[in-house]
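Dropping my_file00.cif in here (mmCIF, C-alpha atoms):
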data_upload
#
loop_
_atom_site.label_atom_id
_atom_site.label_comp_id
_atom_site.auth_asym_id
_atom_site.auth_seq_id
_atom_site.Cartn_x
_atom_site.Cartn_y
_atom_site.Cartn_z
CA ALA R 8 -37.91 -15.39 30.69
CA PRO R 9 -36.39 -11.96 29.97
CA ALA R 10 -38.78 -9.04 29.74
CA PRO R 11 -39.61 -8.00 26.16
CA SER R 12 -37.92 -4.91 24.82
CA PRO R 13 -40.09 -1.78 24.90
CA GLY R 14 -41.56 -0.81 21.57
CA ILE R 15 -41.03 2.52 19.80
CA PRO R 16 -44.22 4.55 19.19
CA ALA R 17 -45.14 5.61 15.70
CA PHE R 18 -44.40 9.31 16.25
CA SER R 19 -40.82 8.44 17.28
CA VAL R 20 -40.38 6.19 14.26
CA ALA R 21 -41.72 9.01 12.08
CA GLU R 22 -39.15 11.41 13.55
CA LEU R 23 -36.32 8.96 12.87
CA THR R 24 -37.61 8.38 9.34
CA LEU R 25 -37.75 12.10 8.64
CA GLN R 26 -34.25 12.62 10.04
CA ALA R 27 -32.86 9.79 7.91
CA TYR R 28 -34.29 11.33 4.76
CA GLN R 29 -33.07 14.81 5.68
CA ASP R 30 -29.56 13.44 6.21
CA ALA R 31 -29.65 11.78 2.78
CA ALA R 32 -31.03 14.94 1.16
CA ALA R 33 -28.29 17.06 2.76
CA LEU R 34 -25.64 14.77 1.31
CA ALA R 35 -27.30 14.89 -2.10
CA ALA R 36 -27.46 18.71 -1.95
CA SER R 37 -23.73 18.80 -1.19
CA GLY R 38 -23.08 16.98 -4.48
CA ARG R 39 -22.52 13.50 -3.10
CA LEU R 40 -24.01 10.78 -5.28
CA PHE R 41 -24.51 8.16 -2.57
CA PHE R 42 -25.29 7.98 1.14
CA GLY R 43 -22.74 5.54 2.57
CA LEU R 44 -18.96 5.56 2.85
CA ASP R 45 -16.92 5.93 -0.34
CA CYS R 46 -15.40 2.52 -1.15
CA GLY R 47 -13.29 4.00 -3.96
CA PHE R 48 -15.03 2.24 -6.87
CA ASP R 49 -17.49 4.50 -8.65
CA ALA R 50 -19.92 1.94 -10.07
CA LEU R 51 -19.93 -0.06 -6.84
CA ASN R 52 -20.75 3.08 -4.83
CA GLU R 53 -23.60 3.78 -7.23
CA LYS R 54 -24.95 0.24 -7.04
CA LEU R 55 -24.71 -0.14 -3.23
CA ASN R 56 -25.39 3.51 -2.31
CA GLY R 57 -21.93 3.43 -0.73
CA LEU R 58 -21.09 1.35 2.33
CA CYS R 59 -24.10 2.20 4.47
CA PRO R 60 -24.26 1.97 8.29
CA GLY R 61 -26.16 -0.93 9.82
CA GLU R 62 -25.47 -3.25 6.88
CA LEU R 63 -23.63 -6.56 6.63
CA THR R 64 -22.00 -7.06 3.23
CA VAL R 65 -20.52 -10.44 2.36
CA LEU R 66 -17.74 -10.37 -0.24
CA ALA R 67 -17.05 -13.89 -1.51
CA GLY R 68 -14.78 -15.50 -4.05
CA ARG R 69 -12.55 -18.43 -4.79
CA PRO R 70 -8.96 -18.38 -3.45
CA SER R 71 -6.58 -15.95 -5.22
CA MET R 72 -9.40 -13.86 -6.72
CA GLY R 73 -8.25 -10.82 -4.70
CA LYS R 74 -10.86 -10.58 -1.92
CA THR R 75 -8.34 -9.32 0.63
CA THR R 76 -6.80 -6.87 -1.82
CA ILE R 77 -10.08 -5.21 -2.80
CA ALA R 78 -11.21 -5.08 0.84
CA LEU R 79 -7.96 -3.37 1.90
CA GLN R 80 -8.29 -0.94 -1.01
CA MET R 81 -11.75 -0.03 0.25
CA ALA R 82 -10.40 0.41 3.78
CA LEU R 83 -7.66 2.75 2.59
CA HIS R 84 -10.04 4.80 0.48
CA VAL R 85 -12.56 5.22 3.31
CA ALA R 86 -9.80 6.24 5.74
CA GLN R 87 -8.26 8.73 3.32
CA THR R 88 -11.28 10.16 1.52
CA ASP R 89 -13.99 10.17 4.18
CA LYS R 90 -11.48 10.52 7.07
CA VAL R 91 -13.40 7.74 8.83
CA PRO R 92 -11.68 5.23 11.15
CA VAL R 93 -11.55 1.68 9.82
CA GLY R 94 -11.02 -1.58 11.71
CA ILE R 95 -9.50 -4.65 10.04
CA VAL R 96 -9.69 -8.09 11.65
CA SER R 97 -7.27 -10.33 9.74
CA LEU R 98 -7.56 -14.03 10.51
CA GLU R 99 -5.45 -15.08 7.50
CA MET R 100 -2.44 -12.75 7.56
CA THR R 101 -0.21 -11.37 10.31
CA ILE R 102 -0.42 -7.68 11.14
CA PRO R 103 2.95 -6.92 9.42
CA GLN R 104 1.69 -8.73 6.32
CA VAL R 105 -1.46 -6.61 6.31
CA GLY R 106 0.65 -3.46 6.69
CA ALA R 107 2.94 -4.48 3.83
CA LYS R 108 -0.06 -5.22 1.63
CA MET R 109 -1.65 -1.83 2.32
CA CYS R 110 1.59 0.10 1.81
CA GLY R 111 2.09 -1.78 -1.45
CA ILE R 112 -1.38 -0.67 -2.54
CA ILE R 113 -0.59 2.96 -1.70
CA SER R 114 2.84 3.02 -3.35
CA GLN R 115 1.91 0.78 -6.31
CA VAL R 116 5.39 -0.74 -6.40
CA ASP R 117 6.12 -4.10 -7.98
CA PRO R 118 4.63 -6.63 -5.49
CA TYR R 119 7.15 -9.35 -6.44
CA ARG R 120 10.16 -7.13 -5.68
CA GLN R 121 8.47 -5.71 -2.58
CA ARG R 122 8.08 -9.13 -0.94
CA ARG R 123 11.71 -9.98 -1.64
CA GLY R 124 13.20 -6.66 -0.53
CA ARG R 125 14.46 -5.91 -4.03
CA LEU R 126 12.73 -2.63 -4.83
CA THR R 127 14.52 -0.20 -7.11
CA GLN R 128 15.73 3.05 -5.60
CA ASP R 129 12.71 4.91 -6.98
CA GLU R 130 10.35 2.24 -5.69
CA GLN R 131 11.96 2.32 -2.26
CA LEU R 132 11.34 6.07 -2.02
CA ARG R 133 7.70 5.56 -2.99
CA TYR R 134 7.31 2.63 -0.59
CA PHE R 135 8.86 4.46 2.37
CA ARG R 136 6.68 7.48 1.63
CA ALA R 137 3.67 5.17 1.54
CA ILE R 138 4.60 3.78 4.96
CA ASN R 139 4.75 7.34 6.29
CA ASP R 140 1.38 8.20 4.71
CA PHE R 141 -0.16 4.99 6.03
CA SER R 142 1.03 5.73 9.58
CA ARG R 143 -1.19 8.82 9.66
CA LEU R 144 -4.38 7.09 8.52
CA PRO R 145 -7.13 6.16 11.03
CA VAL R 146 -6.76 2.41 10.49
CA TRP R 147 -6.77 -0.21 13.26
CA THR R 148 -5.60 -3.78 12.60
CA PHE R 149 -6.32 -6.83 14.76
CA SER R 150 -5.31 -10.46 14.36
CA GLU R 151 -7.22 -12.28 17.12
CA ALA R 152 -11.01 -12.00 17.13
CA ARG R 153 -12.41 -15.32 15.99
CA THR R 154 -15.90 -15.12 17.53
CA ALA R 155 -18.79 -12.69 17.20
CA GLU R 156 -18.39 -11.97 20.92
CA ALA R 157 -14.76 -10.95 20.37
CA ILE R 158 -15.78 -8.76 17.43
CA GLU R 159 -18.34 -7.02 19.64
CA GLY R 160 -15.64 -6.45 22.25
CA LEU R 161 -13.56 -4.60 19.65
CA TRP R 162 -16.56 -2.50 18.63
CA VAL R 163 -17.13 -1.50 22.25
CA GLN R 164 -13.44 -0.60 22.67
CA HIS R 165 -13.33 1.41 19.43
CA PRO R 166 -16.72 3.13 18.99
CA GLU R 167 -15.19 5.67 16.60
CA VAL R 168 -14.63 3.00 13.92
CA LYS R 169 -17.41 3.09 11.31
CA LEU R 170 -16.25 0.45 8.81
CA TRP R 171 -15.13 -3.00 9.91
CA ILE R 172 -13.57 -5.67 7.70
CA VAL R 173 -13.30 -9.31 8.81
CA ASP R 174 -11.06 -11.59 6.75
CA HIS R 175 -12.62 -14.11 6.78
CA LEU R 176 -15.84 -15.82 7.92
CA HIS R 177 -14.64 -19.40 7.47
CA ARG R 178 -11.83 -18.88 9.99
CA MET R 179 -14.25 -17.78 12.70
CA LYS R 180 -15.65 -19.98 15.46
CA GLY R 181 -19.18 -20.16 16.83
CA PRO R 182 -21.77 -22.46 18.40
CA GLY R 183 -23.43 -25.21 16.39
CA ASP R 184 -23.48 -28.98 15.96
CA SER R 185 -22.33 -28.74 12.35
CA LYS R 186 -20.36 -26.33 10.18
CA HIS R 187 -23.65 -25.33 8.55
CA GLU R 188 -25.13 -24.34 11.93
CA GLU R 189 -21.90 -22.69 13.05
CA LEU R 190 -21.64 -20.42 10.00
CA GLY R 191 -25.35 -19.59 10.19
CA THR R 192 -25.05 -18.60 13.85
CA ILE R 193 -21.95 -16.47 13.24
CA THR R 194 -23.50 -14.51 10.36
CA GLU R 195 -26.74 -14.03 12.30
CA GLU R 196 -24.81 -12.63 15.27
CA LEU R 197 -22.70 -10.37 13.06
CA ASP R 198 -25.81 -9.08 11.28
CA HIS R 199 -27.29 -8.28 14.70
CA LEU R 200 -24.13 -6.39 15.71
CA THR R 201 -24.12 -4.21 12.57
CA LYS R 202 -27.63 -3.05 13.43
CA LYS R 203 -27.01 -2.72 17.17
CA TYR R 204 -23.90 -0.55 16.72
CA ASN R 205 -24.89 1.01 13.36
CA LYS R 206 -21.63 -0.04 11.64
CA HIS R 207 -20.90 -1.31 8.16
CA LEU R 208 -19.31 -4.74 8.20
CA LEU R 209 -17.55 -6.12 5.14
CA LEU R 210 -17.27 -9.85 5.78
CA LEU R 211 -15.06 -11.87 3.44
CA ALA R 212 -16.05 -15.46 2.69
CA GLN R 213 -14.90 -18.43 0.64
CA LEU R 214 -16.79 -20.14 -2.18
CA ASN R 215 -16.89 -23.88 -2.75
CA ARG R 216 -15.57 -25.53 -5.93
CA GLU R 217 -18.95 -25.67 -7.67
CA CYS R 218 -18.20 -22.68 -9.92
CA GLU R 219 -15.07 -24.35 -11.29
CA SER R 220 -17.21 -27.09 -12.87
CA ARG R 221 -19.04 -24.53 -15.01
CA HIS R 222 -17.83 -23.63 -18.48
CA ASP R 223 -17.39 -19.92 -17.67
CA LYS R 224 -16.40 -20.45 -13.98
CA MET R 225 -18.97 -17.81 -13.03
CA PRO R 226 -19.82 -17.95 -9.30
CA GLN R 227 -23.38 -18.06 -7.99
CA ILE R 228 -24.85 -17.33 -4.59
CA GLY R 229 -25.37 -21.04 -3.95
CA ASP R 230 -21.58 -21.48 -4.06
CA LEU R 231 -21.14 -19.87 -0.63
CA ARG R 232 -19.21 -22.47 1.30
CA GLY R 233 -20.98 -24.21 4.15
CA SER R 234 -24.35 -22.57 4.67
CA GLY R 235 -27.30 -20.94 2.93
CA SER R 236 -27.78 -18.94 6.12
CA ILE R 237 -24.93 -16.65 5.07
CA GLU R 238 -27.02 -15.10 2.29
CA GLU R 239 -30.09 -15.05 4.53
CA HIS R 240 -28.52 -12.72 7.10
CA ALA R 241 -26.46 -10.50 4.77
CA VAL R 242 -27.86 -7.28 3.36
CA ASN R 243 -25.55 -7.48 0.35
CA VAL R 244 -23.79 -10.50 -1.14
CA LEU R 245 -20.99 -9.72 -3.59
CA MET R 246 -19.07 -12.25 -5.71
CA LEU R 247 -15.62 -11.37 -7.04
CA TYR R 248 -14.94 -12.87 -10.48
CA ARG R 249 -11.71 -12.66 -12.49
CA PRO R 250 -11.87 -15.04 -15.47
CA GLY R 251 -8.17 -14.51 -16.18
CA GLN R 252 -7.38 -16.62 -13.11
CA TYR R 253 -8.47 -19.75 -14.98
CA GLN R 254 -6.02 -21.31 -17.43
CA GLU R 255 -8.80 -22.78 -19.59
CA LEU R 256 -10.37 -19.35 -20.10
CA ARG R 257 -6.99 -17.74 -20.90
CA ALA R 258 -6.13 -20.31 -23.57
CA PRO R 259 -7.82 -18.57 -26.57
CA TYR R 260 -5.64 -15.46 -26.02
CA ARG R 261 -2.23 -17.07 -25.49
CA ASP R 262 -0.97 -16.11 -28.97
CA ASN R 263 -2.10 -12.48 -28.76
CA THR R 264 -0.31 -10.47 -26.06
CA GLU R 265 -2.58 -7.43 -26.31
CA GLN R 266 -5.78 -9.46 -26.07
CA MET R 267 -4.31 -11.48 -23.20
CA GLN R 268 -3.51 -8.30 -21.27
CA GLU R 269 -7.05 -7.03 -21.78
CA PHE R 270 -8.52 -10.36 -20.73
CA MET R 271 -6.40 -10.45 -17.57
CA ARG R 272 -7.76 -7.02 -16.62
CA LYS R 273 -11.38 -8.14 -16.74
CA THR R 274 -13.01 -8.13 -13.31
CA THR R 275 -16.65 -8.24 -12.30
CA VAL R 276 -18.27 -7.81 -8.92
CA LEU R 277 -21.52 -9.75 -9.11
CA ILE R 278 -24.15 -8.41 -6.72
CA GLU R 279 -26.07 -11.60 -6.05
CA LYS R 280 -28.17 -10.07 -3.27
CA GLY R 281 -28.99 -6.44 -2.60
CA ARG R 282 -31.77 -6.05 -0.07
CA PHE R 283 -32.25 -2.35 -0.78
CA GLU R 284 -30.54 -1.68 -4.12
CA GLY R 285 -31.16 -4.88 -6.09
CA VAL R 286 -28.85 -7.25 -7.94
CA GLY R 287 -26.54 -6.59 -10.87
CA ALA R 288 -22.96 -6.69 -12.11
CA VAL R 289 -20.28 -4.04 -11.62
CA PRO R 290 -17.23 -4.00 -13.93
CA LEU R 291 -13.82 -3.27 -12.42
CA ALA R 292 -10.28 -3.73 -13.71
CA TRP R 293 -7.33 -5.74 -12.41
CA ILE R 294 -4.10 -3.77 -12.80
CA THR R 295 -1.64 -6.62 -13.19
CA GLU R 296 1.58 -4.67 -12.78
CA HIS R 297 0.53 -3.37 -9.34
CA ALA R 298 -1.70 -6.29 -8.27
CA ILE R 299 -4.59 -3.99 -7.36
CA PHE R 300 -8.09 -3.23 -8.62
CA GLY R 301 -9.12 -0.05 -10.41
CA ASN R 302 -12.11 1.59 -11.97
CA PRO R 303 -12.47 0.45 -15.60
CA ALA R 304 -11.34 2.66 -18.43
CA PRO R 305 -14.06 4.87 -19.93
CA PRO R 306 -15.58 3.63 -23.21
CA GLY R 307 -13.82 4.80 -26.33
CA PRO R 308 -11.90 3.70 -29.39
CA SER R 309 -8.89 2.51 -27.35
CA PHE R 310 -9.20 -0.88 -25.71
CA THR R 311 -5.85 -0.59 -23.94
CA GLN R 312 -6.47 2.60 -22.00
CA GLU R 313 -5.08 2.39 -18.47
CA PRO R 314 -7.83 2.08 -15.82
CA ARG R 315 -7.91 4.87 -13.29
CA PRO R 316 -6.50 3.51 -10.00
CA HIS R 317 -8.84 4.08 -7.07
CA TRP R 318 -6.03 5.29 -4.82
CA GLN R 319 -5.28 8.98 -5.35
CA GLY R 320 -2.77 9.60 -2.57
CA ASP R 321 0.39 11.65 -3.02
CA ARG R 322 3.39 9.73 -4.31
#

Could you take the file, read its structure, and then write that structure out as structure tokens?
Amino acid sequence: APAPSPGIPAFSVAELTLQAYQDAAALAASGRLFFGLDCGFDALNEKLNGLCPGELTVLAGRPSMGKTTIALQMALHVAQTDKVPVGIVSLEMTIPQVGAKMCGIISQVDPYRQRRGRLTQDEQLRYFRAINDFSRLPVWTFSEARTAEAIEGLWVQHPEVKLWIVDHLHRMKGPGDSKHEELGTITEELDHLTKKYNKHLLLLAQLNRECESRHDKMPQIGDLRGSGSIEEHAVNVLMLYRPGQYQELRAPYRDNTEQMQEFMRKTTVLIEKGRFEGVGAVPLAWITEHAIFGNPAPPGPSFTQEPRPHWQGDR
């Protein structure tokens, strides 16, 4: 049997504890409102304390809710605002598709025309400028890392990367006699890696169809597809919910264009598990014309005020 790992004496733990608090206090004194990386969404930063090192966050949702989009927006904001290298492991899209998605987020051009190569002259200028801006960001993209062992290999090769995004869990492979065991083993190993290398890992995951049988289609933590072990090993479990994606929920607004537009903007990130910060709900906004997420409009008499986009790059 392998020898047990040596313990850490209390005085050393006390020193580490003091240093951790002093680091947090220094950030607070500088005017920063949270400890972790800036994900670009104010209320989410407040609720999670930013994207903190050593934490595994699972972001789950039904297909077409926008999990990949919001994750890539976070990646761009961390790379631009905190100047921190980001690693993206995409198991659903090709690397050029990921690049096109991120440059579309930066430029905020019409996504329909972008995919078909039919951008207007003004949009082309913005899109080409976005490609140039994107080329200077500290972002790494990978398309083949389907096991926790392969993920660790990337972390060893790129120690400078602080935020990792894996899209998504249900396309990964791991040991186990059933899918339940396989997913549990993968999330346990990934949780171990986040602590071992002191990284933040944003792990995207699918939900089963259970939420679609509910009247409001609201997801719950038990809807995580395949295994309850996913929530066991994650520090944070987030559920992305856009009611406007369901035809039945849109029906009451079909005769009122303004109300329909407002309803389509509604987005909530449900924090179903927060080991350190607790549970809750964070409102966001879906900006339909650009197919991205934004911070919600401030309260006021106008219900049609444009949400502030999270991306503040030059255009």

I want to know what sits within 12 Å of Leu51 in chain R, based on all atoms listed in the file, with residues of the same chain fewer than 2 positions away left out; could you give that as a PDB file with C-alpha atoms, keeping the file's coordinate frame?
ATOM      1  CA  LEU R  40     -24.010  10.780  -5.280  1.00  0.00           C
ATOM      2  CA  PHE R  41     -24.510   8.160  -2.570  1.00  0.00           C
ATOM      3  CA  GLY R  43     -22.740   5.540   2.570  1.00  0.00           C
ATOM      4  CA  LEU R  44     -18.960   5.560   2.850  1.00  0.00           C
ATOM      5  CA  ASP R  45     -16.920   5.930  -0.340  1.00  0.00           C
ATOM      6  CA  CYS R  46     -15.400   2.520  -1.150  1.00  0.00           C
ATOM      7  CA  GLY R  47     -13.290   4.000  -3.960  1.00  0.00           C
ATOM      8  CA  PHE R  48     -15.030   2.240  -6.870  1.00  0.00           C
ATOM      9  CA  ASP R  49     -17.490   4.500  -8.650  1.00  0.00           C
ATOM     10  CA  GLU R  53     -23.600   3.780  -7.230  1.00  0.00           C
ATOM     11  CA  LYS R  54     -24.950   0.240  -7.040  1.00  0.00           C
ATOM     12  CA  LEU R  55     -24.710  -0.140  -3.230  1.00  0.00           C
ATOM     13  CA  ASN R  56     -25.390   3.510  -2.310  1.00  0.00           C
ATOM     14  CA  GLY R  57     -21.930   3.430  -0.730  1.00  0.00           C
ATOM     15  CA  LEU R  58     -21.090   1.350   2.330  1.00  0.00           C
ATOM     16  CA  ILE R  77     -10.080  -5.210  -2.800  1.00  0.00           C
ATOM     17  CA  MET R  81     -11.750  -0.030   0.250  1.00  0.00           C
ATOM     18  CA  ASN R 243     -25.550  -7.480   0.350  1.00  0.00           C
ATOM     19  CA  LEU R 245     -20.990  -9.720  -3.590  1.00  0.00           C
ATOM     20  CA  THR R 275     -16.650  -8.240 -12.300  1.00  0.00           C
ATOM     21  CA  VAL R 276     -18.270  -7.810  -8.920  1.00  0.00           C
ATOM     22  CA  LEU R 277     -21.520  -9.750  -9.110  1.00  0.00           C
ATOM     23  CA  ILE R 278     -24.150  -8.410  -6.720  1.00  0.00           C
ATOM     24  CA  GLY R 281     -28.990  -6.440  -2.600  1.00  0.00           C
ATOM     25  CA  GLU R 284     -30.540  -1.680  -4.120  1.00  0.00           C
ATOM     26  CA  VAL R 286     -28.850  -7.250  -7.940  1.00  0.00           C
ATOM     27  CA  GLY R 287     -26.540  -6.590 -10.870  1.00  0.00           C
ATOM     28  CA  ALA R 288     -22.960  -6.690 -12.110  1.00  0.00           C
ATOM     29  CA  VAL R 289     -20.280  -4.040 -11.620  1.00  0.00           C
ATOM     30  CA  PRO R 290     -17.230  -4.000 -13.930  1.00  0.00           C
ATOM     31  CA  LEU R 291     -13.820  -3.270 -12.420  1.00  0.00           C
ATOM     32  CA  GLY R 301      -9.120  -0.050 -10.410  1.00  0.00           C
ATOM     33  CA  ASN R 302     -12.110   1.590 -11.970  1.00  0.00           C
ATOM     34  CA  PRO R 303     -12.470   0.450 -15.600  1.00  0.00           C
ATOM     35  CA  HIS R 317      -8.840   4.080  -7.070  1.00  0.00           C
TER      36      HIS R 317
END

Exercise for review: May I ask for the distance between CA of Thr201 in chain R and CA of Glu62 in chain R, given in Å to one decimal place?
Suggested key: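 Atom-to-atom, CA of Thr201 in chain R to CA of Glu62 in chain R, that is 5.9 Å.
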
Check your understanding: Between R:Asn205, R:Gln213, R:Gln266, R:Thr194, which one has atoms that come closest to Trp171 in chain R, using all atoms listed in the file?
Key -> R:Asn205

Review point. With distances taken over only C-alpha atoms, which of R:Ala241, R:Cys218, R:Ile172, R:Leu144 is nearest to Lys280 in chain R?
Key: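 Closest to Lys280 in chain R, using only C-alpha atoms: R:Ala241.
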
Exercise for review: Convert the output of the PyMOL selection byres ((chain R and resi 250) around 12) on the shown file into explicit residues, formatted as a ChimeraX atom specification.
Suggested key: /R:68-69,71-72,218-219,221-226,247-249,251-258,267,269-276,292-293

Residue completion, range 194-203 of chain R, all heavy atoms, as an mmCIF file, in the coordinates of the input:
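This went into selection_32.cif:
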data_model
loop_
_atom_site.group_PDB
_atom_site.id
_atom_site.type_symbol
_atom_site.label_atom_id
_atom_site.label_comp_id
_atom_site.auth_asym_id
_atom_site.auth_seq_id
_atom_site.Cartn_x
_atom_site.Cartn_y
_atom_site.Cartn_z
ATOM 1 N N THR R 194 -23.006 -15.608 11.207
ATOM 2 C CA THR R 194 -23.500 -14.510 10.360
ATOM 3 C C THR R 194 -24.735 -13.853 10.973
ATOM 4 O O THR R 194 -24.907 -12.629 10.848
ATOM 5 C CB THR R 194 -23.824 -15.025 8.945
ATOM 6 O OG1 THR R 194 -24.667 -16.184 9.018
ATOM 7 C CG2 THR R 194 -22.560 -15.381 8.200
ATOM 8 N N GLU R 195 -25.583 -14.628 11.631
ATOM 9 C CA GLU R 195 -26.740 -14.030 12.300
ATOM 10 C C GLU R 195 -26.297 -13.081 13.403
ATOM 11 O O GLU R 195 -26.828 -11.964 13.540
ATOM 12 C CB GLU R 195 -27.631 -15.128 12.877
ATOM 13 C CG GLU R 195 -28.899 -14.593 13.551
ATOM 14 C CD GLU R 195 -29.801 -15.694 14.066
ATOM 15 O OE1 GLU R 195 -29.339 -16.846 14.179
ATOM 16 O OE2 GLU R 195 -30.974 -15.397 14.347
ATOM 17 N N GLU R 196 -25.307 -13.478 14.190
ATOM 18 C CA GLU R 196 -24.810 -12.630 15.270
ATOM 19 C C GLU R 196 -24.131 -11.370 14.715
ATOM 20 O O GLU R 196 -24.306 -10.274 15.251
ATOM 21 C CB GLU R 196 -23.848 -13.418 16.148
ATOM 22 C CG GLU R 196 -24.520 -14.516 16.969
ATOM 23 C CD GLU R 196 -23.525 -15.357 17.749
ATOM 24 O OE1 GLU R 196 -22.304 -15.272 17.463
ATOM 25 O OE2 GLU R 196 -23.958 -16.099 18.658
ATOM 26 N N LEU R 197 -23.367 -11.537 13.645
ATOM 27 C CA LEU R 197 -22.700 -10.370 13.060
ATOM 28 C C LEU R 197 -23.704 -9.402 12.442
ATOM 29 O O LEU R 197 -23.546 -8.169 12.532
ATOM 30 C CB LEU R 197 -21.692 -10.823 11.992
ATOM 31 C CG LEU R 197 -20.475 -11.593 12.517
ATOM 32 C CD1 LEU R 197 -19.602 -12.065 11.359
ATOM 33 C CD2 LEU R 197 -19.659 -10.743 13.490
ATOM 34 N N ASP R 198 -24.750 -9.934 11.821
ATOM 35 C CA ASP R 198 -25.810 -9.080 11.280
ATOM 36 C C ASP R 198 -26.472 -8.284 12.414
ATOM 37 O O ASP R 198 -26.741 -7.083 12.275
ATOM 38 C CB ASP R 198 -26.841 -9.946 10.564
ATOM 39 C CG ASP R 198 -28.010 -9.140 10.010
ATOM 40 O OD1 ASP R 198 -27.775 -8.069 9.436
ATOM 41 O OD2 ASP R 198 -29.157 -9.593 10.157
ATOM 42 N N HIS R 199 -26.704 -8.953 13.539
ATOM 43 C CA HIS R 199 -27.290 -8.280 14.700
ATOM 44 C C HIS R 199 -26.377 -7.155 15.191
ATOM 45 O O HIS R 199 -26.850 -6.051 15.523
ATOM 46 C CB HIS R 199 -27.531 -9.294 15.824
ATOM 47 C CG HIS R 199 -27.917 -8.666 17.129
ATOM 48 N ND1 HIS R 199 -29.144 -8.066 17.340
ATOM 49 C CD2 HIS R 199 -27.229 -8.546 18.311
ATOM 50 C CE1 HIS R 199 -29.197 -7.598 18.572
ATOM 51 N NE2 HIS R 199 -28.053 -7.874 19.177
ATOM 52 N N LEU R 200 -25.068 -7.405 15.222
ATOM 53 C CA LEU R 200 -24.130 -6.390 15.710
ATOM 54 C C LEU R 200 -24.096 -5.164 14.800
ATOM 55 O O LEU R 200 -23.984 -4.036 15.289
ATOM 56 C CB LEU R 200 -22.725 -6.990 15.823
ATOM 57 C CG LEU R 200 -22.526 -8.056 16.906
ATOM 58 C CD1 LEU R 200 -21.077 -8.564 16.885
ATOM 59 C CD2 LEU R 200 -22.865 -7.505 18.284
ATOM 60 N N THR R 201 -24.153 -5.370 13.478
ATOM 61 C CA THR R 201 -24.120 -4.210 12.570
ATOM 62 C C THR R 201 -25.296 -3.280 12.829
ATOM 63 O O THR R 201 -25.160 -2.048 12.746
ATOM 64 C CB THR R 201 -24.135 -4.656 11.094
ATOM 65 O OG1 THR R 201 -25.327 -5.399 10.823
ATOM 66 C CG2 THR R 201 -22.929 -5.497 10.764
ATOM 67 N N LYS R 202 -26.449 -3.868 13.154
ATOM 68 C CA LYS R 202 -27.630 -3.050 13.430
ATOM 69 C C LYS R 202 -27.546 -2.418 14.826
ATOM 70 O O LYS R 202 -27.898 -1.250 15.021
ATOM 71 C CB LYS R 202 -28.895 -3.895 13.297
ATOM 72 C CG LYS R 202 -29.138 -4.410 11.880
ATOM 73 C CD LYS R 202 -30.345 -5.317 11.823
ATOM 74 C CE LYS R 202 -30.686 -5.726 10.403
ATOM 75 N NZ LYS R 202 -29.611 -6.492 9.761
ATOM 76 N N LYS R 203 -27.094 -3.202 15.795
ATOM 77 C CA LYS R 203 -27.010 -2.720 17.170
ATOM 78 C C LYS R 203 -26.062 -1.527 17.295
ATOM 79 O O LYS R 203 -26.365 -0.545 17.995
ATOM 80 C CB LYS R 203 -26.545 -3.852 18.084
ATOM 81 C CG LYS R 203 -26.367 -3.470 19.553
ATOM 82 C CD LYS R 203 -25.910 -4.663 20.374
ATOM 83 C CE LYS R 203 -25.684 -4.278 21.836
ATOM 84 N NZ LYS R 203 -25.222 -5.446 22.641
#
